[in-house]
Every structure is written in structure tokens, then in C-alpha cells.
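Q: This one is target_21.txt, compact mmCIF, C-alpha atoms and all ligand atoms.
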```
# COMPACT_ATOMS: atom_id res chain seq x y z
CA MET U 1 -75.70 -154.51 32.94
CA THR U 2 -75.63 -152.10 30.03
CA VAL U 3 -72.09 -151.97 28.59
CA ILE U 4 -71.14 -148.55 27.28
CA ALA U 5 -68.17 -147.44 25.19
CA VAL U 6 -67.40 -143.87 24.16
CA CYS U 7 -64.40 -142.71 22.15
CA ARG U 8 -62.55 -139.42 21.80
CA ASP U 9 -59.45 -139.41 19.58
CA ASP U 10 -57.31 -142.34 20.82
CA PHE U 11 -59.12 -142.44 24.16
CA LEU U 12 -61.86 -144.87 25.14
CA ILE U 13 -64.16 -145.06 28.15
CA SER U 14 -65.72 -148.49 28.51
CA THR U 15 -67.55 -150.61 31.08
CA ASP U 16 -66.41 -153.79 29.35
CA ARG U 17 -64.83 -155.83 32.18
CA THR U 18 -62.70 -157.86 29.78
CA LEU U 19 -60.66 -154.72 29.00
CA LEU U 20 -59.66 -154.05 32.62
CA ASP U 21 -55.93 -154.26 33.36
CA VAL U 22 -56.02 -155.36 36.98
CA ASP U 23 -52.22 -155.11 37.31
CA ALA U 24 -52.31 -151.44 36.27
CA ILE U 25 -55.25 -150.73 38.58
CA ALA U 26 -53.61 -152.48 41.56
CA SER U 27 -50.37 -150.64 40.87
CA PHE U 28 -52.13 -147.25 40.96
CA LEU U 29 -54.19 -148.11 44.04
CA ALA U 30 -51.07 -149.25 45.92
CA GLY U 31 -50.02 -145.59 45.97
CA ALA U 32 -53.47 -144.05 46.50
CA TYR U 33 -54.12 -142.55 49.95
CA TRP U 34 -57.63 -144.03 50.14
CA ALA U 35 -56.71 -147.63 49.25
CA GLN U 36 -53.82 -148.32 51.61
CA GLY U 37 -53.70 -151.98 52.66
CA ARG U 38 -56.20 -153.09 50.00
CA THR U 39 -55.18 -156.56 48.86
CA ARG U 40 -55.22 -157.83 45.29
CA ASP U 41 -58.10 -160.15 46.20
CA THR U 42 -60.13 -157.24 47.60
CA ILE U 43 -59.42 -155.16 44.49
CA GLU U 44 -60.56 -157.99 42.21
CA ARG U 45 -63.77 -158.54 44.21
CA SER U 46 -64.52 -154.82 44.25
CA LEU U 47 -64.18 -154.68 40.46
CA GLU U 48 -66.33 -157.77 39.93
CA ASN U 49 -69.18 -156.30 41.98
CA SER U 50 -69.25 -152.72 40.69
CA ILE U 51 -69.94 -150.93 37.44
CA VAL U 52 -66.37 -150.14 36.42
CA PHE U 53 -65.54 -147.39 33.96
CA GLY U 54 -62.09 -147.92 32.47
CA LEU U 55 -60.29 -145.14 30.61
CA TYR U 56 -57.85 -146.30 27.93
CA HIS U 57 -55.33 -144.56 25.69
CA ALA U 58 -54.38 -146.54 22.60
CA GLY U 59 -55.58 -149.65 24.44
CA ARG U 60 -53.63 -148.98 27.67
CA GLN U 61 -55.47 -148.46 30.94
CA ILE U 62 -54.83 -144.91 32.16
CA GLY U 63 -57.80 -144.26 34.43
CA LEU U 64 -60.71 -145.71 36.35
CA ALA U 65 -63.92 -144.95 38.17
CA ARG U 66 -65.94 -147.55 40.08
CA VAL U 67 -69.66 -147.23 40.88
CA ILE U 68 -71.30 -149.27 43.65
CA THR U 69 -75.04 -149.08 43.17
CA ASP U 70 -78.56 -150.55 43.40
CA LYS U 71 -79.25 -148.90 40.00
CA ALA U 72 -82.40 -147.31 41.41
CA THR U 73 -81.86 -145.04 44.42
CA PHE U 74 -78.20 -144.91 45.36
CA ALA U 75 -74.73 -144.89 43.85
CA TYR U 76 -71.33 -144.56 45.50
CA LEU U 77 -68.43 -143.33 43.42
CA ALA U 78 -65.03 -144.81 44.28
CA ASP U 79 -61.48 -145.31 43.02
CA VAL U 80 -61.53 -142.38 40.59
CA TYR U 81 -58.12 -141.72 39.08
CA ILE U 82 -56.35 -140.58 35.96
CA ASP U 83 -52.68 -141.54 35.52
CA GLU U 84 -50.50 -138.58 36.42
CA ALA U 85 -49.14 -138.10 32.89
CA TYR U 86 -52.68 -137.62 31.56
CA ARG U 87 -54.09 -135.22 34.15
CA GLY U 88 -55.19 -131.68 33.45
CA ARG U 89 -56.56 -132.23 29.95
CA GLY U 90 -60.23 -132.82 30.66
CA LEU U 91 -60.18 -136.62 30.86
CA GLY U 92 -61.40 -136.73 34.47
CA LYS U 93 -64.29 -134.46 33.58
CA TRP U 94 -65.12 -136.67 30.58
CA LEU U 95 -65.01 -139.79 32.78
CA ILE U 96 -67.37 -138.38 35.42
CA GLY U 97 -69.74 -136.98 32.76
CA SER U 98 -69.83 -140.39 31.07
CA LEU U 99 -70.62 -142.34 34.21
CA LEU U 100 -73.33 -139.90 35.25
CA GLY U 101 -74.92 -140.48 31.82
CA HIS U 102 -74.89 -144.29 32.08
CA PRO U 103 -78.38 -145.62 31.26
CA ASP U 104 -78.50 -147.83 34.40
CA LEU U 105 -77.85 -144.82 36.66
CA GLN U 106 -80.68 -142.49 35.66
CA GLY U 107 -83.70 -141.34 37.68
CA ARG U 108 -83.78 -140.32 41.33
CA VAL U 109 -80.32 -141.57 42.21
CA ARG U 110 -78.47 -140.11 45.21
CA TRP U 111 -74.73 -140.12 44.57
CA LEU U 112 -72.19 -140.20 47.39
CA LEU U 113 -68.40 -140.04 47.39
CA ALA U 114 -65.56 -139.35 49.78
CA THR U 115 -62.56 -137.21 48.94
CA ARG U 116 -59.67 -135.68 50.86
CA ASP U 117 -58.92 -132.81 48.50
CA ALA U 118 -60.77 -133.04 45.16
CA HIS U 119 -64.04 -131.33 46.21
CA ALA U 120 -63.64 -128.65 43.53
CA PHE U 121 -63.34 -131.34 40.86
CA TYR U 122 -66.73 -132.87 41.77
CA ARG U 123 -68.68 -129.71 42.66
CA PRO U 124 -69.54 -128.73 39.03
CA PHE U 125 -71.28 -132.12 38.65
CA GLY U 126 -73.64 -131.37 41.54
CA TRP U 127 -71.90 -132.95 44.53
CA GLN U 128 -72.16 -130.88 47.68
CA PRO U 129 -71.03 -131.35 51.30
CA VAL U 130 -73.17 -133.84 53.26
CA ALA U 131 -75.28 -132.83 56.24
CA ALA U 132 -72.90 -134.48 58.71
CA GLU U 133 -75.48 -134.89 61.49
CA ARG U 134 -77.64 -137.15 59.25
CA TRP U 135 -74.91 -139.55 58.17
CA MET U 136 -73.09 -142.27 60.08
CA GLU U 137 -70.15 -144.42 59.10
CA ARG U 138 -69.10 -147.91 60.15
CA PRO U 139 -65.44 -147.86 59.16
CA ALA U 140 -63.77 -150.93 57.66
CA PRO U 141 -61.70 -152.91 60.15
CA ALA U 142 -57.98 -152.08 60.11
CA PRO U 143 -55.91 -154.36 57.84
CA GLY U 144 -55.24 -157.71 59.52
CA THR U 145 -58.10 -157.39 62.01
CA THR U 146 -61.72 -158.47 61.99
CA GLN U 147 -64.67 -156.81 63.66
C1 LIG B 201 -58.91 -135.84 40.42
C2 LIG B 201 -58.52 -136.34 39.02
C3 LIG B 201 -59.28 -137.63 38.71
C4 LIG B 201 -58.89 -135.25 38.00
O1 LIG B 201 -58.62 -135.72 36.69
P1 LIG B 201 -58.10 -134.73 35.55
O2 LIG B 201 -58.19 -135.46 34.26
O3 LIG B 201 -56.78 -134.18 35.92
O4 LIG B 201 -59.20 -133.57 35.63
P2 LIG B 201 -59.68 -132.60 34.45
O5 LIG B 201 -58.51 -132.25 33.60
O6 LIG B 201 -60.86 -133.20 33.77
O7 LIG B 201 -60.12 -131.33 35.31
C5 LIG B 201 -61.45 -130.90 35.40
C6 LIG B 201 -61.52 -129.72 36.33
O8 LIG B 201 -61.29 -130.15 37.69
C7 LIG B 201 -60.20 -129.43 38.26
N1 LIG B 201 -59.43 -130.40 39.07
C8 LIG B 201 -58.72 -131.44 38.60
N2 LIG B 201 -58.19 -132.14 39.61
C9 LIG B 201 -58.57 -131.52 40.74
C10 LIG B 201 -58.33 -131.76 42.12
N3 LIG B 201 -57.57 -132.79 42.54
N4 LIG B 201 -58.88 -130.93 43.02
C11 LIG B 201 -59.65 -129.90 42.62
N5 LIG B 201 -59.90 -129.61 41.32
C12 LIG B 201 -59.37 -130.41 40.40
C13 LIG B 201 -59.40 -128.93 37.09
O9 LIG B 201 -58.67 -127.78 37.44
C14 LIG B 201 -60.46 -128.65 36.07
O10 LIG B 201 -61.07 -127.41 36.35
P3 LIG B 201 -61.61 -126.47 35.12
O11 LIG B 201 -62.68 -127.29 34.42
O12 LIG B 201 -62.13 -125.28 35.83
O13 LIG B 201 -60.42 -126.23 34.26
C15 LIG B 201 -56.99 -136.57 38.88
O14 LIG B 201 -56.32 -135.40 39.23
C16 LIG B 201 -56.46 -137.69 39.75
O15 LIG B 201 -56.45 -138.84 39.32
N6 LIG B 201 -55.97 -137.36 40.94
C17 LIG B 201 -55.36 -138.35 41.81
C18 LIG B 201 -56.37 -139.31 42.35
C19 LIG B 201 -57.50 -138.59 43.08
O16 LIG B 201 -57.27 -137.71 43.88
N7 LIG B 201 -58.72 -139.04 42.78
C20 LIG B 201 -59.92 -138.50 43.40
C21 LIG B 201 -60.13 -139.19 44.69
S1 LIG B 201 -61.72 -138.74 45.33
```
Do you think you could lay out the structure here as C-alpha cells?
A:
Amino acid sequence: MTVIAVCRDDFLISTDRTLLDVDAIASFLAGAYWAQGRTRDTIERSLENSIVFGLYHAGRQIGLARVITDKATFAYLADVYIDEAYRGRGLGKWLIGSLLGHPDLQGRVRWLLATRDAHAFYRPFGWQPVAAERWMERPAPAPGTTQ
């Protein structure tokens, strides 16, 4: 995997896994509507098997975006967040722009994501509503059950 690192003032976006603060990530995801019931083990495995873009301020993890991909035709964007204290100053936009520019994610890649309320945040980057009749979902089993 190509490791990227881009800086802006005291902020850093990096795909270097050794920088990830899993405690900070797990703490944010514990309160995120889309990650309810996700265990620490699941979070760690999801990070290990994705391209993970960490956002850091003065070395502290303050944001994340995770890309699940075959690096050729398809990429799924997940777990995008900026810590509340840092929102509204362009960091989210910088994070998405950086991951879309990653050298392993170029070419005819279809990008998918799911969001409850941040459609307007993603739209300027080219995301649009899916044609619902063409897509199907096999939801994850509820926590504590198998399927
Ligand atoms: C969504 C999120 C990542 C945006 O990060 P941010 O750093 O605050 O965003 P930016 O400051 O770069 O904003 C970029 C643009 O998106 C808009 N925007 C930001 N958050 C938005 C949201 N939740 N919904 C719609 N538009 C949003 C901003 O108004 C701004 O518009 P402008 O360029 O016209 O001024 C951040 O608000 C967040 O972490 N939210 C909680 C977690 C979440 O909902 N993640 C997305 C799950 S799919």
C-alpha cells in the first residue's frame, strides 16, 4: 500500500497505521450512530483491513476516514469523522479531497458511502443518490446474533 502524508499548519493526514490511536477512534465510534454495538475487536480488524486516513493535530488523533477497496473498481468510504471541536474549518473537506487523490484509488473507481444526514457534505465531491432499484443490501446481523 502507498503510504501518504500531507501537512497543513499543525495538522497532518496520514495513512501510516502506526500513528493510529485506537483508543481515540473507539471512543468516538462508541457515540457514532452508525457504529453502535461495534466491539473493540471489530474496530481493530476493520482498521487492519482498510486504507485508513488519520487526521492529527499536533500529533493527536482528531479525525478519521476508512476506505474499503479492491484498488481497481470499487471503494467504500466509512467511519468519516472530525472531532467536534475541530469541525467547520475545512478539515473534513481536506480529508475527503486527500483520500480521493490517493494514488492507489485512481482510475475507474466507483465510490459508495452511506450517510444519515451529511449528503450535502459529500455532494461537491461527486457523490449522488444511488439508483435504489439496482442495489441490494445484506445487513449485518444484530449484535449478539449470527446469521
Ligand atoms: C461531516 C463532518 C466529517 C464534516 O467535517 P467538517 O470538518 O466539519 O467539514 P468542513 O468544515 O470541511 O465542511 C465542508 C463543507 O461541508 C458542509 N458540511 C459539514 N458538515 C456537514 C454535514 N454534517 N451535513 C451537511 N453539510 C456539512 C460545510 O458546511 C461546508 O460547506 P461549505 O464548503 O459550503 O462551507 C463532521 O461534521 C463530522 O465529523 N460529523 C459527525 C460525524 C459524521 O456525521 N460523519 C459522516 C458520517 S457519513
Q: So, with all atoms listed in the file as the atoms that count, which of U:Arg87, U:His57, U:Arg138, U:Arg110 lies closest to ligand LIG 201 (chain B)?
A: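 That would be U:Arg87, the residue with the smallest distance to ligand LIG 201 (chain B).
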Q: I'd like to know which of U:Glu84, U:Glu133, U:Asp16, U:Asp23 is closest to U:Ile4, using only C-alpha atoms.
A: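 Smallest distance to U:Ile4 is found for U:Asp16.
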Q: Compile a residue-level contact table for chain U against ligand LIG 201 (chain B) at a cut-off of 10 Å, reporting for every qualifying residue the shortest atom pair and its distance in Å to one decimal, with all atoms listed in the file counted, rows ordered by chain and ascending number, as CSV.
A:
```
residue,atom,partner,partner_atom,distance
U:Phe28,CA,B:LIG201,C18,9.1
U:Leu29,CA,B:LIG201,C18,9.2
U:Gly31,CA,B:LIG201,C18,9.6
U:Ala32,CA,B:LIG201,C18,6.9
U:Tyr33,CA,B:LIG201,O16,8.4
U:Trp34,CA,B:LIG201,C21,7.7
U:Ile62,CA,B:LIG201,O15,9.5
U:Gly63,CA,B:LIG201,O15,7.4
U:Leu64,CA,B:LIG201,C3,8.5
U:Ala65,CA,B:LIG201,C3,8.7
U:Leu77,CA,B:LIG201,S1,8.4
U:Ala78,CA,B:LIG201,S1,7.0
U:Asp79,CA,B:LIG201,C21,6.5
U:Val80,CA,B:LIG201,N7,4.9
U:Tyr81,CA,B:LIG201,O15,3.3
U:Ile82,CA,B:LIG201,O15,3.8
U:Asp83,CA,B:LIG201,O15,6.0
U:Glu84,CA,B:LIG201,O15,6.6
U:Ala85,CA,B:LIG201,O3,9.1
U:Tyr86,CA,B:LIG201,O2,6.5
U:Arg87,CA,B:LIG201,O3,3.4
U:Gly88,CA,B:LIG201,O5,3.4
U:Arg89,CA,B:LIG201,O5,4.1
U:Gly90,CA,B:LIG201,O6,3.2
U:Leu91,CA,B:LIG201,O2,4.1
U:Gly92,CA,B:LIG201,O2,3.5
U:Lys93,CA,B:LIG201,O6,3.7
U:Trp94,CA,B:LIG201,O6,6.4
U:Leu95,CA,B:LIG201,O6,7.9
U:Ile96,CA,B:LIG201,O6,8.5
U:Gly97,CA,B:LIG201,O6,9.7
U:Leu113,CA,B:LIG201,S1,7.1
U:Ala114,CA,B:LIG201,S1,5.9
U:Thr115,CA,B:LIG201,S1,4.0
U:Arg116,CA,B:LIG201,S1,6.6
U:Asp117,CA,B:LIG201,N4,5.8
U:Ala118,CA,B:LIG201,N4,3.6
U:His119,CA,B:LIG201,C11,5.8
U:Ala120,CA,B:LIG201,C11,4.3
U:Phe121,CA,B:LIG201,N5,3.9
U:Tyr122,CA,B:LIG201,O8,7.3
U:Arg123,CA,B:LIG201,N5,8.9
U:Pro124,CA,B:LIG201,O11,8.4
```
Q: Figure out the distance between atom CA of U:Ile13 and atom CA of U:Val67, please, to one decimal in Å.
A: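 Separation between atom CA of U:Val67 and atom CA of U:Ile13: 14.0 Å.
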Q: Of the candidates U:Ala26, U:Ile68, U:Val6, U:Thr73, which one gets nearest to U:Arg38 if we count all atoms listed in the file?
A: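 The shortest atom-to-atom distance to U:Arg38 comes from U:Ala26.
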Q: Taking (-54.5, -146.8, 23.4) in the coordinates of the supplied file, I want to know which residues reach to within 12 Å of it, counting all atoms listed in the file; could you give the answer as a list in words?
A: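 Residues close enough to count: Cys7, Arg8, Asp9, Asp10, Phe11, Leu12, Ile13, Leu19, Gly54, Leu55, Tyr56, His57, Ala58, Gly59, Arg60, Gln61, Ile62 and Gly63 of chain U.
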Q: Between atom CA of U:Thr69 and atom CA of U:Ser50, measure the distance and give it in Å to one decimal.
A: 7.3 Å
Q: Interatomic distance between atom CA of U:Leu47 and atom CA of U:His102?
A: 17.1 Å
